[in-house]
file my_file09.txt (compact mmCIF, C-alpha atoms)
# COMPACT_ATOMS: atom_id res chain seq x y z
CA MET A 65 -109.77 -129.82 9.53
CA LEU A 66 -107.51 -129.52 12.60
CA ALA A 67 -108.43 -133.08 13.59
CA TYR A 68 -107.28 -134.25 10.14
CA TYR A 69 -103.96 -132.40 10.54
CA PHE A 70 -103.59 -133.89 14.01
CA ARG A 71 -103.99 -137.42 12.62
CA LEU A 72 -101.36 -136.63 9.97
CA ALA A 73 -99.04 -135.39 12.73
CA LEU A 74 -99.46 -138.63 14.72
CA ARG A 75 -98.75 -140.66 11.61
CA SER A 76 -95.61 -138.62 11.00
CA PHE A 77 -94.47 -139.17 14.59
CA ARG A 78 -94.76 -142.94 14.22
CA ARG A 79 -92.55 -142.83 11.14
CA ASN A 80 -89.86 -140.76 12.89
CA LYS A 81 -89.98 -141.94 16.52
CA VAL A 82 -86.40 -141.08 17.45
CA LEU A 83 -86.53 -137.60 15.94
CA THR A 84 -89.90 -136.93 17.59
CA ALA A 85 -88.58 -138.13 20.95
CA LEU A 86 -85.58 -135.81 20.68
CA MET A 87 -87.83 -132.81 20.00
CA VAL A 88 -90.17 -133.67 22.87
CA ILE A 89 -87.25 -134.08 25.27
CA ALA A 90 -85.63 -130.81 24.13
CA ILE A 91 -88.83 -128.84 24.74
CA ALA A 92 -89.51 -130.66 28.02
CA LEU A 93 -86.08 -129.83 29.41
CA GLY A 94 -86.44 -126.16 28.48
CA ILE A 95 -89.96 -125.90 29.87
CA GLY A 96 -89.10 -127.82 33.05
CA ALA A 97 -86.10 -125.62 33.88
CA SER A 98 -87.78 -122.32 32.99
CA MET A 99 -91.05 -123.08 34.82
CA THR A 100 -89.19 -124.14 37.95
CA THR A 101 -87.33 -120.85 38.15
CA LEU A 102 -90.30 -118.79 36.92
CA THR A 103 -92.49 -120.27 39.68
CA VAL A 104 -89.92 -119.48 42.37
CA PHE A 105 -89.50 -115.95 41.01
CA HIS A 106 -93.29 -115.51 40.84
CA VAL A 107 -93.68 -116.56 44.48
CA LEU A 108 -90.88 -114.33 45.75
CA SER A 109 -91.71 -111.23 43.70
CA GLY A 110 -95.50 -111.27 44.03
CA ASP A 111 -97.59 -108.55 45.66
CA PRO A 112 -98.34 -109.78 49.20
CA ILE A 113 -101.40 -107.51 49.61
CA PRO A 114 -102.54 -106.50 46.09
CA GLN A 115 -105.86 -105.02 47.20
CA LYS A 116 -104.16 -102.09 48.93
CA SER A 117 -100.40 -102.26 48.40
CA ASP A 118 -100.45 -98.82 46.76
CA ARG A 119 -102.01 -97.28 49.90
CA LEU A 120 -99.73 -98.84 52.54
CA PHE A 121 -96.49 -96.97 53.18
CA ASN A 122 -93.38 -97.62 55.21
CA VAL A 123 -92.19 -94.51 57.06
CA GLN A 124 -88.53 -93.51 57.32
CA VAL A 125 -87.06 -90.51 59.11
CA ASP A 126 -83.43 -89.78 59.96
CA PRO A 127 -82.60 -89.13 63.66
CA ARG A 128 -78.87 -89.84 63.35
CA PRO A 129 -76.10 -87.35 64.23
CA MET A 130 -74.04 -85.45 61.64
CA ILE A 131 -71.06 -87.82 62.03
CA GLY A 132 -70.57 -89.58 58.69
CA TYR A 133 -73.35 -87.58 57.06
CA GLN A 134 -73.69 -87.90 53.28
CA PRO A 135 -76.34 -85.74 51.52
CA SER A 136 -77.55 -88.62 49.33
CA GLU A 137 -77.62 -91.19 52.14
CA GLU A 138 -80.78 -93.15 52.80
CA PRO A 139 -82.45 -92.59 56.20
CA GLU A 140 -82.75 -95.37 58.74
CA GLU A 141 -85.11 -98.17 57.70
CA GLN A 142 -86.69 -98.38 61.15
CA VAL A 143 -87.70 -95.74 63.69
CA THR A 144 -86.81 -94.94 67.29
CA ARG A 145 -89.36 -95.61 69.97
CA PHE A 146 -89.73 -91.86 70.58
CA ASP A 147 -90.48 -91.09 66.93
CA GLY A 148 -92.77 -94.09 66.58
CA GLU A 149 -94.83 -93.16 69.63
CA THR A 150 -95.02 -89.50 68.59
CA LEU A 151 -96.18 -90.28 65.05
CA LEU A 152 -98.65 -92.83 66.37
CA ARG A 153 -100.08 -90.34 68.84
CA GLU A 154 -100.53 -87.62 66.19
CA LYS A 155 -102.59 -89.97 63.94
CA LYS A 156 -102.12 -88.10 60.67
CA ALA A 157 -103.02 -91.10 58.47
CA LYS A 158 -106.19 -93.11 57.97
CA HIS A 159 -104.55 -95.93 59.93
CA GLN A 160 -101.10 -96.22 61.49
CA VAL A 161 -99.24 -98.98 63.27
CA LEU A 162 -96.11 -99.13 65.42
CA MET A 163 -94.66 -102.58 65.97
CA THR A 164 -91.71 -104.87 66.44
CA GLY A 165 -91.07 -108.60 66.43
CA GLY A 166 -90.45 -110.75 69.47
CA GLY A 167 -90.64 -114.16 71.06
CA VAL A 168 -92.50 -115.44 74.13
CA THR A 169 -92.67 -118.67 76.11
CA LEU A 170 -96.16 -120.10 76.40
CA GLU A 171 -97.31 -122.10 79.40
CA PRO A 172 -100.32 -124.14 78.19
CA ASP A 173 -103.04 -125.24 80.59
CA ASN A 174 -103.23 -128.44 78.55
CA SER A 175 -101.32 -130.98 80.64
CA THR A 176 -100.17 -132.85 77.52
CA LEU A 177 -98.20 -129.83 76.26
CA ARG A 178 -94.96 -128.63 77.72
CA PRO A 179 -94.05 -124.91 77.73
CA PHE A 180 -92.70 -123.81 74.37
CA THR A 181 -91.40 -120.68 72.69
CA THR A 182 -93.05 -119.09 69.67
CA ASP A 183 -92.76 -115.92 67.58
CA ALA A 184 -94.82 -112.91 68.58
CA ARG A 185 -95.60 -109.46 67.23
CA TYR A 186 -95.92 -106.47 69.52
CA THR A 187 -98.13 -104.01 67.70
CA SER A 188 -100.76 -101.31 67.96
CA THR A 189 -104.38 -102.12 67.24
CA ASP A 190 -104.58 -100.89 63.62
CA PHE A 191 -102.37 -103.77 62.52
CA PHE A 192 -105.27 -106.11 61.76
CA THR A 193 -107.31 -103.53 59.87
CA MET A 194 -104.35 -102.17 57.89
CA PHE A 195 -103.08 -105.53 56.74
CA ASP A 196 -106.49 -107.17 56.19
CA ALA A 197 -105.85 -109.95 58.70
CA PRO A 198 -109.06 -112.08 58.74
CA PHE A 199 -110.56 -113.30 62.00
CA LYS A 200 -112.07 -116.71 62.59
CA TYR A 201 -113.20 -115.84 66.11
CA GLY A 202 -113.40 -112.51 67.91
CA GLN A 203 -111.55 -109.41 66.81
CA GLY A 204 -108.53 -107.25 67.56
CA TRP A 205 -108.23 -105.22 70.73
CA LYS A 206 -109.50 -101.65 71.10
CA ALA A 207 -107.37 -98.52 70.91
CA ASP A 208 -107.85 -97.81 74.62
CA GLN A 209 -106.28 -101.20 75.39
CA ASP A 210 -103.16 -100.00 73.58
CA GLU A 211 -102.96 -96.92 75.73
CA GLY A 212 -104.07 -98.75 78.88
CA ARG A 213 -101.46 -101.51 78.49
CA GLY A 214 -104.19 -104.13 78.24
CA ARG A 215 -103.18 -107.75 78.72
CA VAL A 216 -104.99 -109.03 75.68
CA ALA A 217 -103.83 -111.17 72.79
CA VAL A 218 -104.76 -112.32 69.31
CA ILE A 219 -103.50 -115.76 68.30
CA SER A 220 -103.06 -117.51 64.97
CA LYS A 221 -105.25 -120.31 63.69
CA ALA A 222 -102.35 -122.74 63.96
CA LEU A 223 -101.74 -121.88 67.62
CA ASN A 224 -105.47 -122.13 68.35
CA GLU A 225 -105.46 -125.62 66.83
CA LYS A 226 -102.50 -126.60 68.98
CA LEU A 227 -103.76 -125.19 72.28
CA PHE A 228 -107.55 -125.43 71.97
CA ASN A 229 -108.14 -128.05 69.25
CA GLY A 230 -109.54 -125.37 66.95
CA GLN A 231 -112.39 -124.41 69.27
CA ASN A 232 -113.44 -120.80 69.90
CA SER A 233 -110.87 -119.67 72.48
CA VAL A 234 -112.02 -116.04 72.77
CA GLY A 235 -112.21 -115.11 76.45
CA LYS A 236 -109.84 -117.85 77.56
CA PRO A 237 -106.64 -117.08 79.50
CA LEU A 238 -103.19 -117.57 78.03
CA ARG A 239 -100.00 -117.61 80.08
CA MET A 240 -96.87 -116.23 78.46
CA ASP A 241 -93.56 -115.33 80.09
CA GLY A 242 -95.17 -115.64 83.49
CA HIS A 243 -98.08 -113.27 82.77
CA THR A 244 -101.74 -114.04 82.05
CA PHE A 245 -103.37 -112.56 78.94
CA ASN A 246 -106.95 -112.74 77.75
CA ILE A 247 -107.54 -113.99 74.19
CA VAL A 248 -109.74 -111.53 72.28
CA GLY A 249 -109.36 -112.88 68.76
CA VAL A 250 -108.25 -115.84 66.65
CA LEU A 251 -107.00 -115.21 63.13
CA ASP A 252 -108.10 -117.30 60.17
CA GLU A 253 -105.59 -118.42 57.53
CA TRP A 254 -103.30 -115.44 57.00
CA ASN A 255 -99.69 -115.56 55.95
CA PRO A 256 -98.55 -112.81 53.56
CA ASN A 257 -95.29 -113.61 51.84
CA PRO A 258 -92.91 -111.92 51.82
CA HIS A 259 -93.41 -110.48 55.31
CA PHE A 260 -93.34 -106.95 53.94
CA TYR A 261 -94.36 -105.30 57.22
CA ASP A 262 -91.17 -106.47 58.97
CA LEU A 263 -88.37 -107.85 56.82
CA GLU A 264 -85.95 -107.81 59.77
CA THR A 265 -87.39 -110.94 61.43
CA GLY A 266 -87.46 -113.08 58.29
CA ARG A 267 -88.66 -112.44 54.76
CA TYR A 268 -90.57 -115.66 54.13
CA GLY A 269 -92.25 -118.38 56.12
CA ASP A 270 -95.04 -118.50 58.68
CA SER A 271 -96.46 -115.40 60.31
CA GLU A 272 -96.26 -114.88 64.06
CA ASP A 273 -98.49 -116.95 66.34
CA ILE A 274 -99.23 -114.29 68.97
CA PHE A 275 -100.04 -110.58 68.73
CA VAL A 276 -100.10 -108.38 71.84
CA PRO A 277 -100.27 -104.60 72.42
CA VAL A 278 -96.83 -103.11 71.84
CA PHE A 279 -96.79 -100.96 74.98
CA THR A 280 -97.83 -103.92 77.13
CA ALA A 281 -94.95 -105.98 75.75
CA LEU A 282 -92.50 -103.13 76.36
CA ASP A 283 -93.70 -102.63 79.96
CA LEU A 284 -93.31 -106.36 80.65
CA ASN A 285 -89.87 -106.48 78.98
CA PHE A 286 -90.83 -109.26 76.59
CA GLY A 287 -87.99 -110.54 74.45
CA ARG A 288 -87.66 -108.94 71.03
CA ASN A 289 -86.38 -110.11 67.64
CA GLY A 290 -85.00 -108.21 64.68
CA ASN A 291 -82.31 -105.70 63.86
CA MET A 292 -81.34 -102.80 66.11
CA ASN A 293 -79.02 -99.94 65.20
CA CYS A 294 -77.68 -97.56 67.89
CA TRP A 295 -75.42 -94.60 67.14
CA ASP A 296 -74.65 -93.71 70.76
CA ASN A 297 -74.34 -95.41 74.12
CA ALA A 298 -77.78 -96.44 75.41
CA ASN A 299 -76.43 -97.63 78.80
CA GLY A 300 -78.02 -101.02 78.32
CA GLU A 301 -81.50 -99.55 77.76
CA GLU A 302 -81.77 -99.78 73.99
CA THR A 303 -85.58 -100.03 74.05
CA ALA A 304 -86.10 -97.04 76.35
CA LEU A 305 -88.18 -94.13 75.09
CA ASN A 306 -85.23 -91.78 74.48
CA ALA A 307 -82.65 -94.39 73.50
CA PRO A 308 -80.55 -93.42 70.41
CA CYS A 309 -81.56 -96.61 68.63
CA VAL A 310 -83.82 -97.53 65.73
CA TRP A 311 -85.57 -100.88 66.06
CA MET A 312 -89.31 -100.44 65.45
CA GLN A 313 -91.37 -100.46 62.26
CA TYR A 314 -93.90 -97.75 61.45
CA TRP A 315 -96.46 -98.16 58.66
CA VAL A 316 -99.38 -96.00 57.59
CA GLU A 317 -102.43 -96.55 55.42
CA LEU A 318 -103.56 -93.52 53.43
CA ALA A 319 -107.01 -92.98 51.95
CA SER A 320 -105.53 -92.95 48.44
CA PRO A 321 -102.08 -93.06 46.80
CA ALA A 322 -102.53 -89.37 45.95
CA ASP A 323 -102.32 -88.52 49.67
CA ALA A 324 -98.68 -89.62 49.81
CA GLY A 325 -97.43 -86.13 48.92
CA ASP A 326 -99.28 -84.53 51.83
CA TYR A 327 -98.10 -87.16 54.28
CA ARG A 328 -94.50 -86.79 53.09
CA ALA A 329 -94.80 -83.05 53.70
CA TYR A 330 -96.03 -83.83 57.21
CA LEU A 331 -92.97 -86.03 57.82
CA GLU A 332 -90.66 -83.29 56.57
CA ASN A 333 -92.34 -80.82 58.89
CA TYR A 334 -92.02 -83.28 61.75
CA SER A 335 -88.28 -83.68 61.02
CA ALA A 336 -87.89 -79.90 61.00
CA GLN A 337 -89.62 -79.68 64.39
CA GLN A 338 -87.37 -82.38 65.85
CA LYS A 339 -84.29 -80.60 64.50
CA ALA A 340 -85.44 -77.33 66.05
CA ALA A 341 -85.91 -79.18 69.34
CA GLY A 342 -82.35 -80.51 69.13
CA ARG A 343 -83.19 -84.18 68.60
CA PHE A 344 -82.43 -84.35 64.86
CA GLN A 345 -79.16 -82.98 63.53
CA ARG A 346 -79.30 -83.78 59.84
CA PRO A 347 -81.31 -81.91 57.21
CA SER A 348 -84.79 -83.29 56.63
CA ASN A 349 -84.38 -86.76 55.13
CA VAL A 350 -87.57 -88.78 54.87
CA ARG A 351 -88.85 -91.60 52.66
CA LEU A 352 -92.36 -92.88 52.10
CA ARG A 353 -92.45 -96.07 50.06
CA ASN A 354 -95.49 -98.20 49.30
CA VAL A 355 -95.36 -101.98 49.65
CA MET A 356 -93.93 -102.85 46.24
CA GLU A 357 -91.49 -99.93 46.31
CA TRP A 358 -90.35 -101.08 49.73
CA LEU A 359 -89.83 -104.67 48.56
CA ASP A 360 -87.91 -103.43 45.53
CA TYR A 361 -85.74 -101.15 47.68
CA LYS A 362 -84.99 -104.01 50.08
CA GLN A 363 -84.18 -106.32 47.15
CA VAL A 364 -86.36 -109.03 48.59
CA VAL A 365 -85.90 -111.36 45.62
CA PRO A 366 -82.49 -113.04 46.15
CA SER A 367 -79.94 -112.25 43.45
CA ASP A 368 -79.26 -115.96 42.86
CA VAL A 369 -82.95 -116.50 42.02
CA ARG A 370 -82.78 -113.74 39.39
CA LEU A 371 -79.61 -115.28 37.95
CA GLN A 372 -81.21 -118.74 37.84
CA LEU A 373 -84.23 -117.28 36.03
CA TRP A 374 -82.09 -115.74 33.28
CA LEU A 375 -80.02 -118.92 32.94
CA ALA A 376 -83.18 -121.04 32.66
CA LEU A 377 -84.69 -118.75 30.02
CA GLY A 378 -81.40 -118.90 28.12
CA PHE A 379 -81.50 -122.69 28.34
CA LEU A 380 -85.08 -122.64 26.99
CA ALA A 381 -83.89 -120.53 24.04
CA VAL A 382 -81.14 -123.09 23.30
CA CYS A 383 -83.70 -125.91 23.46
CA LEU A 384 -85.96 -124.03 21.03
CA ILE A 385 -83.09 -123.48 18.59
CA ASN A 386 -82.35 -127.21 18.68
CA THR A 387 -86.05 -127.96 18.13
CA VAL A 388 -86.09 -125.63 15.11
CA GLY A 389 -83.18 -127.56 13.63
CA LEU A 390 -84.83 -130.92 14.26
CA LEU A 391 -88.16 -129.79 12.79
CA LEU A 392 -86.40 -128.33 9.76
CA ALA A 393 -84.55 -131.59 9.19
CA LYS A 394 -87.77 -133.54 9.57
CA PHE A 395 -89.76 -131.41 7.13
CA LEU A 396 -86.97 -131.37 4.56
CA ARG A 397 -86.82 -135.17 4.67
CA ARG A 398 -90.50 -135.15 3.73
CA SER A 399 -90.07 -132.81 0.76
CA GLY A 400 -91.19 -135.55 -1.63
CA GLU A 401 -94.38 -136.19 0.35
CA ILE A 402 -95.10 -132.46 0.56
CA GLY A 403 -94.50 -132.10 -3.19
CA VAL A 404 -97.01 -134.89 -3.94
CA ARG A 405 -99.62 -133.23 -1.70
CA ARG A 406 -99.02 -129.91 -3.42
CA ALA A 407 -99.42 -131.59 -6.82
CA LEU A 408 -102.71 -133.16 -5.67
CA GLY A 409 -104.11 -129.73 -4.84
CA ALA A 410 -103.00 -128.86 -1.31
CA SER A 411 -102.39 -125.14 -0.96
CA ARG A 412 -99.34 -123.58 0.62
CA GLY A 413 -101.50 -122.40 3.50
CA GLN A 414 -102.64 -125.97 4.19
CA ILE A 415 -99.05 -127.21 4.20
CA PHE A 416 -98.08 -124.38 6.55
CA LEU A 417 -101.00 -125.09 8.89
CA GLN A 418 -100.30 -128.82 8.95
CA SER A 419 -96.67 -128.15 9.83
CA LEU A 420 -97.66 -125.80 12.65
CA VAL A 421 -100.14 -128.35 14.03
CA GLU A 422 -97.37 -130.92 14.01
CA ALA A 423 -95.01 -128.55 15.82
CA GLY A 424 -97.75 -127.67 18.34
CA THR A 425 -98.45 -131.33 19.01
CA VAL A 426 -94.77 -131.92 19.69
CA GLY A 427 -94.84 -128.91 21.99
CA LEU A 428 -97.85 -130.12 23.98
CA ALA A 429 -96.22 -133.52 24.47
CA GLY A 430 -93.06 -131.75 25.59
CA GLY A 431 -95.15 -129.51 27.86
CA VAL A 432 -96.70 -132.47 29.68
CA LEU A 433 -93.26 -133.97 30.24
CA GLY A 434 -91.87 -130.53 31.10
CA LEU A 435 -94.62 -130.07 33.71
CA GLY A 436 -93.49 -133.26 35.39
CA LEU A 437 -89.88 -132.02 35.35
CA ALA A 438 -91.01 -128.66 36.78
CA LEU A 439 -92.84 -130.40 39.64
CA LEU A 440 -89.72 -132.44 40.29
CA GLY A 441 -87.61 -129.28 40.21
CA LEU A 442 -89.94 -127.50 42.66
CA TYR A 443 -89.78 -130.50 44.97
CA ALA A 444 -85.99 -130.20 44.92
CA VAL A 445 -86.29 -126.47 45.75
CA ARG A 446 -88.53 -127.32 48.74
CA GLN A 447 -85.76 -129.52 50.12
CA GLN A 448 -83.27 -126.65 50.21
CA PRO A 449 -82.41 -124.97 53.54
CA VAL A 450 -83.82 -121.54 52.55
CA ASP A 451 -86.68 -119.64 54.17
CA TYR A 452 -88.75 -119.52 50.98
CA ALA A 453 -88.39 -123.24 50.18
CA LYS A 454 -91.87 -124.40 51.16
CA LEU A 455 -93.48 -121.63 49.09
CA ALA A 456 -92.18 -123.20 45.85
CA THR A 457 -95.44 -124.74 44.63
CA LEU A 458 -97.16 -124.56 41.26
CA ASP A 459 -100.48 -122.70 41.50
CA GLY A 460 -103.26 -122.59 38.89
CA ARG A 461 -101.95 -119.45 37.23
CA MET A 462 -98.48 -120.90 36.78
CA LEU A 463 -99.98 -124.15 35.50
CA LEU A 464 -101.79 -122.24 32.77
CA LEU A 465 -98.61 -120.31 32.06
CA THR A 466 -96.74 -123.60 31.65
CA PHE A 467 -98.98 -124.78 28.83
CA GLY A 468 -99.24 -121.31 27.35
CA LEU A 469 -95.46 -121.00 27.26
CA THR A 470 -95.16 -124.51 25.83
CA LEU A 471 -97.61 -123.83 23.01
CA ALA A 472 -96.05 -120.47 22.21
CA ALA A 473 -92.54 -121.94 22.27
CA SER A 474 -93.46 -124.88 20.03
CA LEU A 475 -95.29 -122.69 17.50
CA LEU A 476 -92.38 -120.27 17.48
CA ALA A 477 -89.99 -123.16 16.92
CA GLY A 478 -92.21 -124.54 14.16
CA PHE A 479 -92.74 -121.27 12.29
CA LEU A 480 -89.50 -121.26 10.27
CA PRO A 481 -89.63 -124.99 9.35
CA ALA A 482 -93.33 -124.61 8.40
CA LEU A 483 -92.46 -121.60 6.25
CA ARG A 484 -89.74 -123.63 4.57
CA ALA A 485 -92.08 -126.58 4.02
CA MET A 486 -94.76 -124.49 2.30
CA GLN A 487 -92.17 -123.25 -0.21
CA VAL A 488 -91.44 -126.75 -1.54
CA ALA A 489 -91.91 -126.72 -5.34
CA PRO A 490 -94.10 -129.69 -6.36
CA ALA A 491 -92.71 -129.93 -9.92
CA ILE A 492 -89.09 -130.28 -8.76
CA GLN A 493 -90.02 -132.89 -6.16
CA LEU A 494 -92.09 -134.94 -8.61
CA LYS A 495 -89.25 -134.85 -11.14
CA SER A 496 -86.74 -136.01 -8.55
CA GLN A 497 -89.10 -138.78 -7.49

call {"tool": "encode", "arguments": {"input": "my_file09.txt", "output": "structure tokens"}}
result
Amino acid sequence: MLAYYFRLALRSFRRNKVLTALMVIAIALGIGASMTTLTVFHVLSGDPIPQKSDRLFNVQVDPRPMIGYQPSEEPEEQVTRFDGETLLREKKAKHQVLMTGGGVTLEPDNSTLRPFTTDARYTSTDFFTMFDAPFKYGQGWKADQDEGRGRVAVISKALNEKLFNGQNSVGKPLRMDGHTFNIVGVLDEWNPNPHFYDLETGRYGDSEDIFVPVFTALDLNFGRNGNMNCWDNANGEETALNAPCVWMQYWVELASPADAGDYRAYLENYSAQQKAAGRFQRPSNVRLRNVMEWLDYKQVVPSDVRLQLWLALGFLAVCLINTVGLLLAKFLRRSGEIGVRRALGASRGQIFLQSLVEAGTVGLAGGVLGLGLALLGLYAVRQQPVDYAKLATLDGRMLLLTFGLTLAASLLAGFLPALRAMQVAPAIQLKSQ
């Protein structure tokens, strides 16, 4: 039966080519614009680690002085080195990691490569376990190598390809900033976006190429990247243990989301202890946000992307309204034909179904064209000078959403005209004919 209605729809399209083309183009423009912005929004607002995002928490405490104090003020978004090391040492969570971003100069043994600078992450050993970083070769370093300032490193798959042609490089030496490190692990493909664990060094793009123990990097005075906030004079030693500066990130993994209350209580108790010791001046002010709460708080999705999404959806609504008008005009022009079919025994339901099939066929044609426009729009996004540009690609889920949205939009647009078509009175139409 549907095949019969489909053939009738094709026959109708051939009789009204211009009107059909206008409807297809209207739907295609709406779908192309909305899917372009929906895809970008989907990429930027997605959960970067869905398997455990509700168990990973960013830790905030407030070590600042009373000057400028406001009771409702948010605490610092990063931690001091003293607080980070203390919390790390007390190990009150299932896993915990203290880290910061940086940059190092590599000196390859390969004579064809000149020394070059790349991004690095100085971190404690739980980083790889907490954030589910997969290994292609080897593994992360041991906890005692954190404490012992071990000169070990984990490198990315991309860097391993560049330096060692993708071969197993575990155990090989690597020179950086004039010091020799031993490679203990090579990561497989791993690039969570956004970079939720440190939004200060860039929200989107490629992950760091080198990971080394944080205390080793600090002892060797490796260069660091990211934001630093000092509220007093550090005498040029902003990264010293007791410096009045926040510049490190501290994350914890709890056994379950329900443990967040207990850990928050621990942080409040810690703040009270530091205030009693004279380090903290403000009343206890802590925050414990999981991954998605942290991304929402940091407003990771750019405001212009949200605005573009609403504008594109509004444009789709305008296109659908125009399509409704065109379908209504088309069906009304065929009132005589519909009246004859009704007189020959076609039921109202059959007329309604045929009209919906026709609208759906128009929608699918518009969806195919709209998909092409969406791919073109995403290509244009990838040419923009923004850090998330290369992430703007259409994955399988968004491809299915494209056709689902197209079909839903076309059926919605065709509902009112189909309802009007089924109400055509055969007697009046036959008399007028």

call {"tool": "closest_residue", "arguments": {"input": "my_file09.txt", "among": "A:Val107, A:Met240, A:Met356, A:Val316", "to": "Arg215 in chain A", "atoms": "all atoms listed in the file"}}
result
A:Met240

call {"tool": "closest_residue", "arguments": {"input": "my_file09.txt", "among": "A:Val161, A:Asp183, A:Val278, A:Glu272", "to": "Gln209 in chain A", "atoms": "all atoms listed in the file"}}
result
A:Val278

call {"tool": "closest_residue", "arguments": {"input": "my_file09.txt", "among": "A:Lys339, A:Arg185, A:Arg351, A:His106", "to": "Leu373 in chain A", "atoms": "all atoms listed in the file"}}
result
A:His106

call {"tool": "atom_distance", "arguments": {"input": "my_file09.txt", "atom1": "CA of Val364 in chain A", "atom2": "CA of Tyr452 in chain A"}}
result
11.0 Å

call {"tool": "atom_distance", "arguments": {"input": "my_file09.txt", "atom1": "CA of Asp111 in chain A", "atom2": "CA of Phe379 in chain A"}}
result
27.5 Å

call {"tool": "residues_around", "arguments": {"input": "my_file09.txt", "residues": "Ala92 in chain A", "least_positions_apart": "3", "cutoff": "7 Å", "atoms": "all atoms listed in the file", "output": "list in words"}}
result
Val88, Ile89, Ile95, Gly96, Gly430, Gly431, Leu433 and Gly434 of chain A

call {"tool": "atom_distance", "arguments": {"input": "my_file09.txt", "atom1": "CA of Trp295 in chain A", "atom2": "CA of Ile131 in chain A"}}
result
9.5 Å

call {"tool": "residues_around", "arguments": {"input": "my_file09.txt", "residues": "Leu475 in chain A", "least_positions_apart": "3", "cutoff": "9 Å", "atoms": "all atoms listed in the file", "output": "list in words"}}
result
Leu420, Val421, Ala423, Gly424, Gly427, Thr470, Leu471, Ala472, Gly478 and Phe479 of chain A

call {"tool": "residues_around", "arguments": {"input": "my_file09.txt", "residues": "Val125 in chain A", "least_positions_apart": "4", "cutoff": "8 Å", "atoms": "all atoms listed in the file", "output": "PyMOL selection string"}}
result
chain A and resi 139-140+143+331+335+348-351
